[in-house]
4 protein chains.
Amino acid sequence: MAGIANLIIARLEYGNVSFTTGNSIRFTVFGESHGPAIGGVLDGLPSGFEINTGEIAKWMDRRRPGQSEITTRRSEPDTVKIISGVTEGYTNGGPVAFYIENSDVMSEHYSELEYKPRPGHADITMYEKFGKHRPYAGGGFASGRLTAPLVAAGSICMQVLFSHGVSIISYIDRIGGVSMENTPACDQDYPYTFKTRIPDTAVDTEAHAAIIRAMGEGDSLGSSIQTIVTGIKPGVGEPFFNSVESEIAKMMFSIPGIKGVEFGKGFGFSASSGSNVKDEMHVEDGGIRFNANNNGGVLGGISNGMPITFRVAVKPTSSIRKEENTVDLRSMTNSTIRIQGRHDPCIGIRALPVVQTSTAIVLLDLLFAGGYLGRIHS
Amino acid sequence: MAGIANLIIARLEYGNVSFTTGNSIRFTVFGESHGPAIGGVLDGLPSGFEINTGEIAKWMDRRRPGQSEITTRRSEPDTVKIISGVTEGYTNGGPVAFYIENSDVMSEHYSELEYKPRPGHADITMYEKFGKHRPYAGGGFASGRLTAPLVAAGSICMQVLFSHGVSIISYIDRIGGVSMENTPACDQDYPYTFKTRIPDTAVDTEAHAAIIRAMGEGDSLGSSIQTIVTGIKPGVGEPFFNSVESEIAKMMFSIPGIKGVEFGKGFGFSASSGSNVKDEMHVEDGGIRFNANNNGGVLGGISNGMPITFRVAVKPTSSIRKEENTVDLRSMTNSTIRIQGRHDPCIGIRALPVVQTSTAIVLLDLLFAGGYLGRIHS
Amino acid sequence: MAGIANLIIARLEYGNVSFTTGNSIRFTVFGESHGPAIGGVLDGLPSGFEINTGEIAKWMDRRRPGQSEITTRRSEPDTVKIISGVTEGYTNGGPVAFYIENSDVMSEHYSELEYKPRPGHADITMYEKFGKHRPYAGGGFASGRLTAPLVAAGSICMQVLFSHGVSIISYIDRIGGVSMENTPACDQDYPYTFKTRIPDTAVDTEAHAAIIRAMGEGDSLGSSIQTIVTGIKPGVGEPFFNSVESEIAKMMFSIPGIKGVEFGKGFGFSASSGSNVKDEMHVEDGGIRFNANNNGGVLGGISNGMPITFRVAVKPTSSIRKEENTVDLRSMTNSTIRIQGRHDPCIGIRALPVVQTSTAIVLLDLLFAGGYLGRIHS
Amino acid sequence: MAGIANLIIARLEYGNVSFTTGNSIRFTVFGESHGPAIGGVLDGLPSGFEINTGEIAKWMDRRRPGQSEITTRRSEPDTVKIISGVTEGYTNGGPVAFYIENSDVMSEHYSELEYKPRPGHADITMYEKFGKHRPYAGGGFASGRLTAPLVAAGSICMQVLFSHGVSIISYIDRIGGVSMENTPACDQDYPYTFKTRIPDTAVDTEAHAAIIRAMGEGDSLGSSIQTIVTGIKPGVGEPFFNSVESEIAKMMFSIPGIKGVEFGKGFGFSASSGSNVKDEMHVEDGGIRFNANNNGGVLGGISNGMPITFRVAVKPTSSIRKEENTVDLRSMTNSTIRIQGRHDPCIGIRALPVVQTSTAIVLLDLLFAGGYLGRIHS
């Protein structure tokens, strides 16, 4: 009888369910940084929702490069062309597919990158996983450029949520050594009136100076982003693998450069005693109210009606204007690289609308999955 | 023609894909804290892998209550009864289903909980989501008791990984105000030789004293758990929604009490400049080596061959022996509760093997999904 | 630079998403024919539905072996032990996990099967796929025995559907050369009052005689099963990959022995002209009515409000009491086998409740997925 | 305490996982018949496979309207524009996204269809499910036009399969009352040399005459399509919900107009006795061979190495040039419709390449899912 060999680790390579996420609302992203276009398919929206394309453009602009002296000067108009799922301005029940042309590609900056992986980037892992046919220019499909479709889809989901009383506010609360401690009372737009998206005039000024200083040194800065979601009723999310925290974290860690996610008091819990972080309850206006929100609006994976709050850590831009040690993949010898091209000194600023709008995709999915949101036929 | 009403937020309620996770290796958990049994189904293992039931028991023991003076005294033998998927000690290719009986249930401690939600617990959100027919005793299916099946399944996955050179080491690096700064050189078993699972004699002693002190005050302590995975080849994980970070974080946030996850330098990146956290490369022994591992073994969602490192934040046990404010759901009036029963003063100690073994489920899934692991028929 | 080899067909073997199905209502099956127990997990039911265990038992009895002279005499009480998801008789919102003990296993009849695959059975393909560690006794997890958990889960789903006006009627309309042409007007129970489940006294008698004759010759007979679902509102199912037909067919072809599925006029369409099979519409009582139902209640994958009708083809039992040619896997030489043990002469009779109840799983999934069914919190 | 109402059938409406299918190879379709473009995303292909765009065009041409006197004269060039996933002619590991412009849309033929659903079409169910904002022109996203992206994606999958020895042959074996009984020995291209795709000169001539006759009468004809897959090794597919039959049937029933699927002897089994349909085995050239293939290459859901054979039933085109009874949705009164525009008298002819190429998507998915196909890094 035929025998069977032991399990092996074969260096096999093929894809996985990589470019689609979600259960009831599903999003597929496609494209490469330097390909002809990037885009996405947002599937699961009910028919009859009026899409405000101005809102989509507003959020695309907030992520768009070339906005100021402290963001990269690559200039993409980033117009979202919707090719299905919308009829006469309303969702029609089919998948909303769209694309965004890549118009300002300067691949000459990237030719060296075919064989010299940039430290901190996915160049080396894309090479290891996908081999010589990977799209190496500009990071290919591992590029931050692919967050543009996330913003497009997310801004549509935000409209649906907003029309049902759900608001998602995000702002930067730290850039390098400069941080803002208080929670601001503000709407979705307010943080974008600040250069650094830190909604505090003094801290913004200080952080802006730090960024200018880092730019002068050819360096970059890390940051963190705080998000506050209001209007989510109690009961959304699941006790285990589809907890609110699991689903949000899965999305956040899909965004290039995000390396940490914490809910409510987060890592602050580690140094606390239980008596100091309890979220006690009382009755008010006939409803249950919490005395505190250390848990960030989620208990046992399920929303409790308090604002859902979470913070993400963003890496400093890996591309810095300093010579770095790397390897030459052709000769497998040591080499160095000095990255050219246009880069943000603090990618957190452009990651901000990505974090914010992609949160909307997750929450809308959870609302539909849980049956909290639906359409009643008359 | 029939019109269509606007989208509504209906307080509809039904389930979602809540109790199953994974793509190529899938795990379904079931059971309630005070039901007849808990268990799980681990689907996707190839046939022909020899299961060491002693290893399963070893990990169950590490999570098991009643082990020492600083863990809860509920005493469950937690014997894992495998009822399918294993024939004569080997996986047979079918789903591995198992159950664990609940033998030491003292529900009388919980009767009050039907109408008085414990602060910090899922009692209130389970009530909001599932209503009066939810299983309220002991947290029902939102209880930490359901992590026992995770450990059972995870310990099987760990065996498969270990036989292919993958090792997962976890230890506690902080309990309340006491923390361990250095990275220990140790194997999987070493941390379990310490009372607090902090693998440093001095810090362990100090932390143990802090726990005893907290217990005396009827209080509890938060903690954090560090995990280091070695032996994962480059190329595992996907650039977007199934990144190594996304998949691990999704699992971690499924574990009750986990409120933060960070990879590599994590939130430390926020305060850093790019030049200080670059993971440069060089050639050594014909292979690519990294000079540092700030990114925790993952670049662009894909493993780079360095150890995968991540830390999770664990809440202080929410059950404390102090009177707390809550509500009475019957009368919708303010009330108080003083939680009885047996509880761990620092649940991080028992969460440790859960974090560790459930990581194995995620990684085995990613290895199979990416085609890195397979069985060659002879 | 490292090159990449061409794609290969490696004889790798590992599992897939095999033992779970469904989107909003998910069902996982486990167990082996001759293992300690079989069972399943039904996930996604809302809390608060009262489960009638008598109904479950009724359907289990209808599938159960040992009922009459024309079904196999293996005698299993097939008691369904629910271990989670139900509290005090009501669903609690968690996964409904259950198991059924295998009590009457006579493995001695099967020892030869380790190396002599039975023609028409999965013995050879289980060997090819899972190798020597596969569970060969009684077909392992490819056995018809695993349809018992389908019936258990399906009978729960039927209760939910029935309480909302959906009725699923199945009956046998052909056994070998004997067929019933008319559509009977009957309820769910009526066909089970006939020995052969053909709800027509004359045809039943004739078919029964044919089965007795086949048994006498050590032979078996094929059959077909007709199903009629009433009460499904228009709008259920999706235009493409989750069409009503796709989802039902996927489930039907999971049932061992099913080799064909057709909706409405089915293969009769192939020989028709369009003008003869048109389902015209008119208005009646203010609603849209169809003049005919050639399309079996589904247009473009979506229910149209007419009864959903489909027929499945069931193979003759592959186990017959005649010597058959096979191979000896030990020596890889020709051999013969004469199957011992207890077998149904017409498995369609016992497949009937499997087809019927598993249809309920699919339809409930589609109803929840489409948001047609939900629970309103008061 | 708040109570909970009973389950209700709410006429809620929202989407499901409708437009994506597959596990390891995933395909998402988008677009509407009369929107700006249709397209798809094929995700999961490994990098490094050379794409022959001429082959894609060949298959698109075979499905394309306007080819002969017996297919509709709508003339679409149907050029497939790939916008991601392919770099310099090779797959790069990312999702292959493409679109096809809709250039020859004559919507004026369809204006009446907003309120007069065509019998046999999805017009009425699209209205019931998606309401007034559905895209009604030309069937919207329930149109056969969306099978063009299926063919584009399927023709890529066919190339991968073909390079590994897998061949998929499909031909028409019945049109209305005319059928071909013998199995032809032919390659993939041969059936397309016949006007009716029936690869038998005499039968082709007869069927062609029948179609011309039906056209003259303003009528249409049903058909059936036979598919034969060779080169699939034993062991592909799963014993239960992902059986070869389940996965193929799910795809087939996604194709508009398909109403029946049978494997091997299919419905012929129903009238058979077991002794006449047994697939006995013998040893030949050191391997296991089957004496017959009644089971169509699949046993217990798993391939046995014999050709996988299946037949699908195709409805007569629902659009006929005869006055039909329907309803007016504006006034909810009886009405009639006489369908204008260009329509195929026998849609089976154009469904043929859809059935054939979409089978390739399913099989490639199963091969990757089972680990049978992979890429070895050198």
# chains A, B, ... in the order shown; residues from 1 in each chain; ligands from 1

call {"tool": "residues_around", "arguments": {"residues": "range 273-288 of chain C", "least_positions_apart": "3", "cutoff": "10 Å", "atoms": "only C-alpha atoms", "output": "JSON, numbers by chain"}}
result
{"C": [265, 268, 269, 270, 291, 292, 293, 294, 295, 296, 297, 299, 304, 305], "D": [117, 118, 119, 120, 121, 124, 175, 176, 177, 211, 214, 217, 218, 219, 220, 221, 222, 223, 315, 316, 317, 318, 319, 320, 321, 322, 324, 325, 326, 327, 328, 329, 332, 333, 334, 335, 336, 345, 346]}

call {"tool": "select_by_dssp", "arguments": {"residues": "range 190-364 of chain B", "states": "strand (DSSP E)", "output": "ChimeraX atom specification"}}
result
/B:223-230,258-263,281-284,287-290,298-299,302-303,308-314,323-328,333-338

call {"tool": "closest_residue", "arguments": {"among": "A:Ala369, A:Ile361, A:Pro199, A:Pro184", "to": "chain D", "atoms": "only C-alpha atoms"}}
result
A:Ala369

call {"tool": "atom_distance", "arguments": {"atom1": "CA of Val151 in chain A", "atom2": "CA of Pro353 in chain A"}}
result
6.9 Å

call {"tool": "residues_around", "arguments": {"residues": "Ile255 in chain C", "least_positions_apart": "4", "cutoff": "8 Å", "atoms": "only C-alpha atoms", "output": "mmCIF file with N, CA and C atoms, in the first residue's frame"}}
result
data_model
loop_
_atom_site.group_PDB
_atom_site.id
_atom_site.type_symbol
_atom_site.label_atom_id
_atom_site.label_comp_id
_atom_site.auth_asym_id
_atom_site.auth_seq_id
_atom_site.Cartn_x
_atom_site.Cartn_y
_atom_site.Cartn_z
ATOM 1 N N GLY C 144 -22.889 7.930 4.501
ATOM 2 C CA GLY C 144 -24.244 8.449 4.621
ATOM 3 C C GLY C 144 -24.660 8.640 6.068
ATOM 4 N N THR C 147 -25.286 12.075 7.350
ATOM 5 C CA THR C 147 -26.495 12.835 7.044
ATOM 6 C C THR C 147 -27.409 12.939 8.264
ATOM 7 N N MET C 251 -26.039 22.226 -1.571
ATOM 8 C CA MET C 251 -26.397 21.368 -0.444
ATOM 9 C C MET C 251 -26.783 19.966 -0.930
ATOM 10 N N VAL C 354 -33.439 13.617 4.482
ATOM 11 C CA VAL C 354 -32.185 14.390 4.430
ATOM 12 C C VAL C 354 -32.334 15.523 3.430
ATOM 13 N N VAL C 355 -32.850 15.195 2.243
ATOM 14 C CA VAL C 355 -33.091 16.207 1.220
ATOM 15 C C VAL C 355 -34.024 17.297 1.771
ATOM 16 N N PHE D 240 -17.940 16.561 1.699
ATOM 17 C CA PHE D 240 -19.247 17.139 1.982
ATOM 18 C C PHE D 240 -19.512 18.418 1.192
#
